[in-house]
Amino acid sequence: MQRNPRGATRRADSTELPINGQRLAWGGATLLVLVLLLRLFTNGSDGEDGSKQSTLADPLLTATTQIAWDAVTEGQIQSIETTPLTWNDVTVRSGDNLSLIFNRAGFSDRDVFDVTSGVQGQALRRIFPGQLIGFAADEAAELIAVRHIESPLKQTVYSKNEGQFVSEVIVRETETRERSVAITIDSSLFLAGDQAGLSAAIIMELAAILGGVIDFALDPRRGDDIVILFEENYLDGEKFSDGNILAASFNNNGRLVEAYRYTDSLGDTGYFDADGVSMRKAFLKAPLDFTRVSSSFNPNRLHPIYKTKRPHRGTDYAAPRGTPVYAAGDGRVIDAGYTRPNGNYVFIQHGEGFKTHYLHLNKKRVKRGDRVKQGQVIGTVGSTGAATGPHLHYEFLVNGVHRNPRTVHKILPKAKSLPDSEIPRFKDAIKAPVQRLARTKASDAMTGAD
Ligand SMILES: [Zn+2]
């Protein structure tokens with residue numbers, strides 16, 4: 001493949017027709033995330049009286065969304081009302097409660113009672129800043145409907161029917177489209193991904209999928225090619241959120257790493273290489289937030305400690321103080337303390353034969369005896385002890401002997417494979433993604449040749 005003479009990152013980009021518009025499960029997950037986010041922003045307040053709520057900017061719900069909801073609500077409500085309703089939407093502010101909101105819209109506490117007194121109406125009390133409460137009245141200015149727009153995907157309409165307010169939940173679904181992108185790493189994975197229009201979340205997800213196979217802090221090389229096939233969720237013709245990564249191939253310095261998302265016949269989803277071997281490995285290759293590792297740093301060549309006579313028995317990752325350090329694998333903290341050479345350190349035992357050491361930490365986040373999960377933050381990068389600058393010194397020991405963390409993976413136990421019985425179904429499932437990756441790569445090569 002030829003390089004672009006200007007050294008810029010090339011991309012091939014295509015969007016196919018929607019493959020699956022029904023994503024209820026996904027929608028639920030998104031709502032959960034939204035709710036969690038909102039809870040985060042509201043300091044855990046349940047939003048009922050709003051007294052504890054802190055500020056949350058309004059743009060959660062955009063004008064476009066509101067217009068979209070108007071169209072939806074109209075269609076739904078016409079079964080009850082013969083004339084379309086005119087909504088007056090009020091944004092829930094920090095510190096709001098229903099009484100304040102109803103009053104702002106020109107309605108009384110009596111109206112609050114009427115709408116919320118029924119069993120269904122109780123749900124209206126769970127409001128969060130940034131959401132919209134809409135009001136519709138008849139010619140006599142009597143309240144006939146209230147709508148609670150919780151998110152771009154969910155609203156509840158409370159409408160008066162024979163003197164009583166009854167509620168109806170209206171859920172919108174995003175439409176999922178597949179997109180494939182080819183990128184060539186010029187300086188960093190993040191920059192390349194960004195230039196190709198990939199969100200930070202997708203790049204992080206890619207790194208997480210391949211994190212047992214590729215050290216994203218040290219492995220990527222200029223000229224490496226990545227092709228990624230992923231889903232994007234659309235609402236009213238506009239991108240609403242990222243979906244799943246379906247497949248990815250990474251040509252890392254001549255080594256091809258591939259991953260395919262697969263849901264087996266029992267319903268379990270994971271990522272596997274083309275032979276059905278799980279991408280989830282016992283150890284992460286880079287036990288820290290790779291996005292903050294300085295890309296120009298090559299510890300084997302430049303790091304001053306390496307130049308001393310003492311053999312260097314680990315890998316150094318130069319990163320800003322405070323960068324999260326992760327447990328490389330599941331295990332138990334067998335030691336966590338401070339010594340002059342190590343600074344703040346954490347030692348983790350993984351199963352019988354493996355240990356990992358993390359030195360020069362700024363802060364330790366675990367103590368001796370703690371159980372840790374792969375990817376759990378155990379501390380932060382620092383320069384405590386005999387360190388010339390902030391970096392993580394990482395060691396890998398097999399049966400008490402230091403091994404090079406960069407190459408030790410070759411002797412580790414094999415990752416889980418799909419059972420033989422699952423392989424034909426798996427091969428069938430990845431046929432289309434395999435072709436799609438190849439097509440994207442080919443068109444990228446053509447684009448870059450001129
Ligand atoms: Zn070191």
# chains A, B, ... in the order shown; residues from 1 in each chain; ligands from 1
$ residues_around --residues "Val277 in chain A" --least-positions-apart "5" --cutoff "8 Å" --atoms "only C-alpha atoms" --output "mmCIF file with C-alpha atoms, in the first residue's frame"
data_model
loop_
_atom_site.group_PDB
_atom_site.id
_atom_site.type_symbol
_atom_site.label_atom_id
_atom_site.label_comp_id
_atom_site.auth_asym_id
_atom_site.auth_seq_id
_atom_site.Cartn_x
_atom_site.Cartn_y
_atom_site.Cartn_z
ATOM 1 C CA PHE A 272 -12.841 -13.426 18.579
ATOM 2 C CA ALA A 415 -6.989 -17.753 25.540
ATOM 3 C CA LYS A 416 -10.359 -19.458 25.395
ATOM 4 C CA SER A 417 -11.601 -20.584 21.993
ATOM 5 C CA LEU A 418 -15.115 -21.133 20.800
#
$ residues_near_ligand --ligand "ligand 1" --cutoff "6 Å" --atoms "only C-alpha atoms and all ligand atoms" --output "number ranges by chain"
A: 314-316, 393
$ residues_around --residues "range 371-385 of chain A" --least-positions-apart "6" --cutoff "7 Å" --atoms "only C-alpha atoms" --output "list in words"
Ala319, Pro320, Arg321, Gly322, Thr323, Pro324, Val325, Tyr326, Ala327, Ala328, Gly329, Asp330, Gly331, Arg332, Val333, Thr339, Arg340, Pro341, Asn342, Gly343, Asn344, His360, Leu361, Asn362, Lys363, Lys364, Arg365, His391 and Leu392 of chain A
$ write_last_selection --atoms "C-alpha atoms" --output "PDB file, in the first residue's frame"
ATOM      1  CA  ALA A 319       2.838   9.366  31.274  1.00  0.00           C
ATOM      2  CA  PRO A 320       1.628  12.438  33.131  1.00  0.00           C
ATOM      3  CA  ARG A 321       1.332  12.215  36.882  1.00  0.00           C
ATOM      4  CA  GLY A 322      -2.145  11.002  37.774  1.00  0.00           C
ATOM      5  CA  THR A 323      -2.652   8.774  34.718  1.00  0.00           C
ATOM      6  CA  PRO A 324      -4.744   5.773  35.828  1.00  0.00           C
ATOM      7  CA  VAL A 325      -2.850   2.487  36.240  1.00  0.00           C
ATOM      8  CA  TYR A 326      -4.855  -0.726  35.777  1.00  0.00           C
ATOM      9  CA  ALA A 327      -4.533  -4.231  37.146  1.00  0.00           C
ATOM     10  CA  ALA A 328      -3.208  -6.179  34.151  1.00  0.00           C
ATOM     11  CA  GLY A 329      -5.323  -9.161  35.077  1.00  0.00           C
ATOM     12  CA  ASP A 330      -7.665 -10.549  37.735  1.00  0.00           C
ATOM     13  CA  GLY A 331      -5.828 -11.296  40.965  1.00  0.00           C
ATOM     14  CA  ARG A 332      -5.062 -10.388  44.555  1.00  0.00           C
ATOM     15  CA  VAL A 333      -2.869  -7.594  45.892  1.00  0.00           C
ATOM     16  CA  THR A 339      10.372   1.691  49.539  1.00  0.00           C
ATOM     17  CA  ARG A 340      13.150   4.099  48.518  1.00  0.00           C
ATOM     18  CA  PRO A 341      13.842   2.407  45.149  1.00  0.00           C
ATOM     19  CA  ASN A 342      10.239   1.479  44.259  1.00  0.00           C
ATOM     20  CA  GLY A 343       8.412   4.469  45.641  1.00  0.00           C
ATOM     21  CA  ASN A 344       4.733   3.642  46.074  1.00  0.00           C
ATOM     22  CA  HIS A 360       6.717   4.754  41.300  1.00  0.00           C
ATOM     23  CA  LEU A 361       2.989   5.320  41.743  1.00  0.00           C
ATOM     24  CA  ASN A 362       1.769   8.716  42.759  1.00  0.00           C
ATOM     25  CA  LYS A 363      -1.230   7.240  44.599  1.00  0.00           C
ATOM     26  CA  LYS A 364      -2.101   3.660  45.481  1.00  0.00           C
ATOM     27  CA  ARG A 365      -5.785   2.819  45.181  1.00  0.00           C
ATOM     28  CA  HIS A 391       6.309   6.987  34.641  1.00  0.00           C
ATOM     29  CA  LEU A 392       4.948   3.560  35.361  1.00  0.00           C
TER      30      LEU A 392
END
$ residues_around --residues "Phe216 in chain A" --least-positions-apart "2" --cutoff "10 Å" --atoms "only C-alpha atoms" --output "list of chain:residue names"
A:Ser188, A:Leu189, A:Ala207, A:Ala208, A:Leu210, A:Gly211, A:Gly212, A:Val213, A:Ile214, A:Leu218, A:Asp219, A:Pro220, A:Arg221, A:Lys285, A:Ala286, A:Leu288, A:Asp289, A:Phe290, A:Thr291, A:Val293, A:Ser295
$ closest_residue --among "A:Ile183, A:Ala259, A:Asn244, A:Leu132" --to "Val227 in chain A" --atoms "only C-alpha atoms"
A:Ile183
$ closest_atom_pairs --of "range 169-241 of chain A" --to "range 439-449 of chain A" --cutoff "10 Å" --atoms "only C-alpha atoms" --output "JSON lines"
{"residue": "A:Arg179", "atom": "CA", "partner": "A:Thr440", "partner_atom": "CA", "distance": 9.8}
{"residue": "A:Ser180", "atom": "CA", "partner": "A:Thr440", "partner_atom": "CA", "distance": 6.6}
{"residue": "A:Val181", "atom": "CA", "partner": "A:Thr440", "partner_atom": "CA", "distance": 6.8}
{"residue": "A:Ala182", "atom": "CA", "partner": "A:Lys441", "partner_atom": "CA", "distance": 6.2}
{"residue": "A:Ile183", "atom": "CA", "partner": "A:Asp444", "partner_atom": "CA", "distance": 8.3}
{"residue": "A:Thr184", "atom": "CA", "partner": "A:Asp444", "partner_atom": "CA", "distance": 9.5}
{"residue": "A:Asp225", "atom": "CA", "partner": "A:Lys441", "partner_atom": "CA", "distance": 8.7}
{"residue": "A:Ile226", "atom": "CA", "partner": "A:Lys441", "partner_atom": "CA", "distance": 8.6}
{"residue": "A:Val227", "atom": "CA", "partner": "A:Lys441", "partner_atom": "CA", "distance": 6.5}
{"residue": "A:Ile228", "atom": "CA", "partner": "A:Thr440", "partner_atom": "CA", "distance": 8.8}
{"residue": "A:Leu229", "atom": "CA", "partner": "A:Thr440", "partner_atom": "CA", "distance": 9.0}
$ write_last_selection --atoms "C-alpha atoms" --output "PDB file, in the first residue's frame"
ATOM      1  CA  ARG A 179     -20.052   2.196   8.764  1.00  0.00           C
ATOM      2  CA  SER A 180     -16.544   1.125   7.905  1.00  0.00           C
ATOM      3  CA  VAL A 181     -13.480   3.305   8.107  1.00  0.00           C
ATOM      4  CA  ALA A 182      -9.851   2.686   7.229  1.00  0.00           C
ATOM      5  CA  ILE A 183      -7.181   4.701   8.963  1.00  0.00           C
ATOM      6  CA  THR A 184      -3.440   4.829   8.765  1.00  0.00           C
ATOM      7  CA  ASP A 225      -3.386   0.314   9.102  1.00  0.00           C
ATOM      8  CA  ILE A 226      -6.614  -0.134  10.970  1.00  0.00           C
ATOM      9  CA  VAL A 227      -9.919  -1.004   9.381  1.00  0.00           C
ATOM     10  CA  ILE A 228     -12.944  -0.850  11.587  1.00  0.00           C
ATOM     11  CA  LEU A 229     -16.580  -1.764  11.000  1.00  0.00           C
TER      12      LEU A 229
END
$ atom_distance --atom1 "CA of Gly351 in chain A" --atom2 "CA of Val398 in chain A"
10.8 Å
$ closest_residue --among "A:Lys355, A:Arg425, A:Arg93, A:Arg110" --to "Ile127 in chain A" --atoms "only C-alpha atoms"
A:Arg93
$ residues_around --residues "Gly254 in chain A" --least-positions-apart "2" --cutoff "10 Å" --atoms "only C-alpha atoms" --output "PyMOL selection string"
chain A and resi 221+223-225+250-252+256-257
$ residues_around --residues "Ser108 in chain A" --least-positions-apart "4" --cutoff "12 Å" --atoms "only C-alpha atoms" --output "list in words"
Leu98, Ser99, Leu100, Ile101, Phe102, Asn103, Arg104, Val112, Phe113, Asp114, Val115, Ala141, Glu142 and Leu143 of chain A
$ write_last_selection --atoms "N, CA and C atoms" --output "PDB file, in the first residue's frame"
ATOM      1  N   LEU A  98     -42.234  19.958  40.802  1.00  0.00           N
ATOM      2  CA  LEU A  98     -43.397  20.033  39.916  1.00  0.00           C
ATOM      3  C   LEU A  98     -44.223  21.295  40.157  1.00  0.00           C
ATOM      4  N   SER A  99     -44.347  21.658  41.420  1.00  0.00           N
ATOM      5  CA  SER A  99     -45.148  22.831  41.758  1.00  0.00           C
ATOM      6  C   SER A  99     -44.577  24.076  41.077  1.00  0.00           C
ATOM      7  N   LEU A 100     -43.262  24.248  41.184  1.00  0.00           N
ATOM      8  CA  LEU A 100     -42.605  25.406  40.559  1.00  0.00           C
ATOM      9  C   LEU A 100     -42.798  25.390  39.041  1.00  0.00           C
ATOM     10  N   ILE A 101     -42.628  24.197  38.470  1.00  0.00           N
ATOM     11  CA  ILE A 101     -42.713  24.081  37.005  1.00  0.00           C
ATOM     12  C   ILE A 101     -44.145  24.355  36.525  1.00  0.00           C
ATOM     13  N   PHE A 102     -45.109  23.765  37.207  1.00  0.00           N
ATOM     14  CA  PHE A 102     -46.512  23.984  36.827  1.00  0.00           C
ATOM     15  C   PHE A 102     -46.860  25.467  36.958  1.00  0.00           C
ATOM     16  N   ASN A 103     -46.384  26.074  38.031  1.00  0.00           N
ATOM     17  CA  ASN A 103     -46.678  27.499  38.233  1.00  0.00           C
ATOM     18  C   ASN A 103     -46.065  28.344  37.118  1.00  0.00           C
ATOM     19  N   ARG A 104     -44.843  27.979  36.730  1.00  0.00           N
ATOM     20  CA  ARG A 104     -44.185  28.724  35.649  1.00  0.00           C
ATOM     21  C   ARG A 104     -44.989  28.649  34.362  1.00  0.00           C
ATOM     22  N   VAL A 112     -51.186  19.935  39.626  1.00  0.00           N
ATOM     23  CA  VAL A 112     -50.128  18.972  39.955  1.00  0.00           C
ATOM     24  C   VAL A 112     -50.766  17.760  40.593  1.00  0.00           C
ATOM     25  N   PHE A 113     -51.659  18.020  41.538  1.00  0.00           N
ATOM     26  CA  PHE A 113     -52.318  16.927  42.251  1.00  0.00           C
ATOM     27  C   PHE A 113     -53.123  16.051  41.291  1.00  0.00           C
ATOM     28  N   ASP A 114     -53.878  16.696  40.410  1.00  0.00           N
ATOM     29  CA  ASP A 114     -54.723  15.945  39.472  1.00  0.00           C
ATOM     30  C   ASP A 114     -53.894  15.005  38.590  1.00  0.00           C
ATOM     31  N   VAL A 115     -52.766  15.517  38.140  1.00  0.00           N
ATOM     32  CA  VAL A 115     -51.955  14.712  37.209  1.00  0.00           C
ATOM     33  C   VAL A 115     -51.229  13.582  37.948  1.00  0.00           C
ATOM     34  N   ALA A 141     -58.546  27.125  28.828  1.00  0.00           N
ATOM     35  CA  ALA A 141     -57.275  27.166  29.553  1.00  0.00           C
ATOM     36  C   ALA A 141     -57.193  26.098  30.643  1.00  0.00           C
ATOM     37  N   GLU A 142     -58.024  25.081  30.522  1.00  0.00           N
ATOM     38  CA  GLU A 142     -57.967  23.951  31.446  1.00  0.00           C
ATOM     39  C   GLU A 142     -56.873  22.986  30.981  1.00  0.00           C
ATOM     40  N   LEU A 143     -56.092  22.509  31.922  1.00  0.00           N
ATOM     41  CA  LEU A 143     -55.024  21.569  31.581  1.00  0.00           C
ATOM     42  C   LEU A 143     -55.619  20.257  31.086  1.00  0.00           C
TER      43      LEU A 143
END
$ closest_residue --among "A:Phe347, A:Ile202, A:Phe240, A:Glu139" --to "Ser151 in chain A" --atoms "only C-alpha atoms"
A:Phe240
$ select_by_dssp --residues "range 355-414 of chain A" --states "strand (DSSP E)" --output "MDAnalysis selection string"
chainID A and resid 355:364 371:372 377:381 391:398 401:403
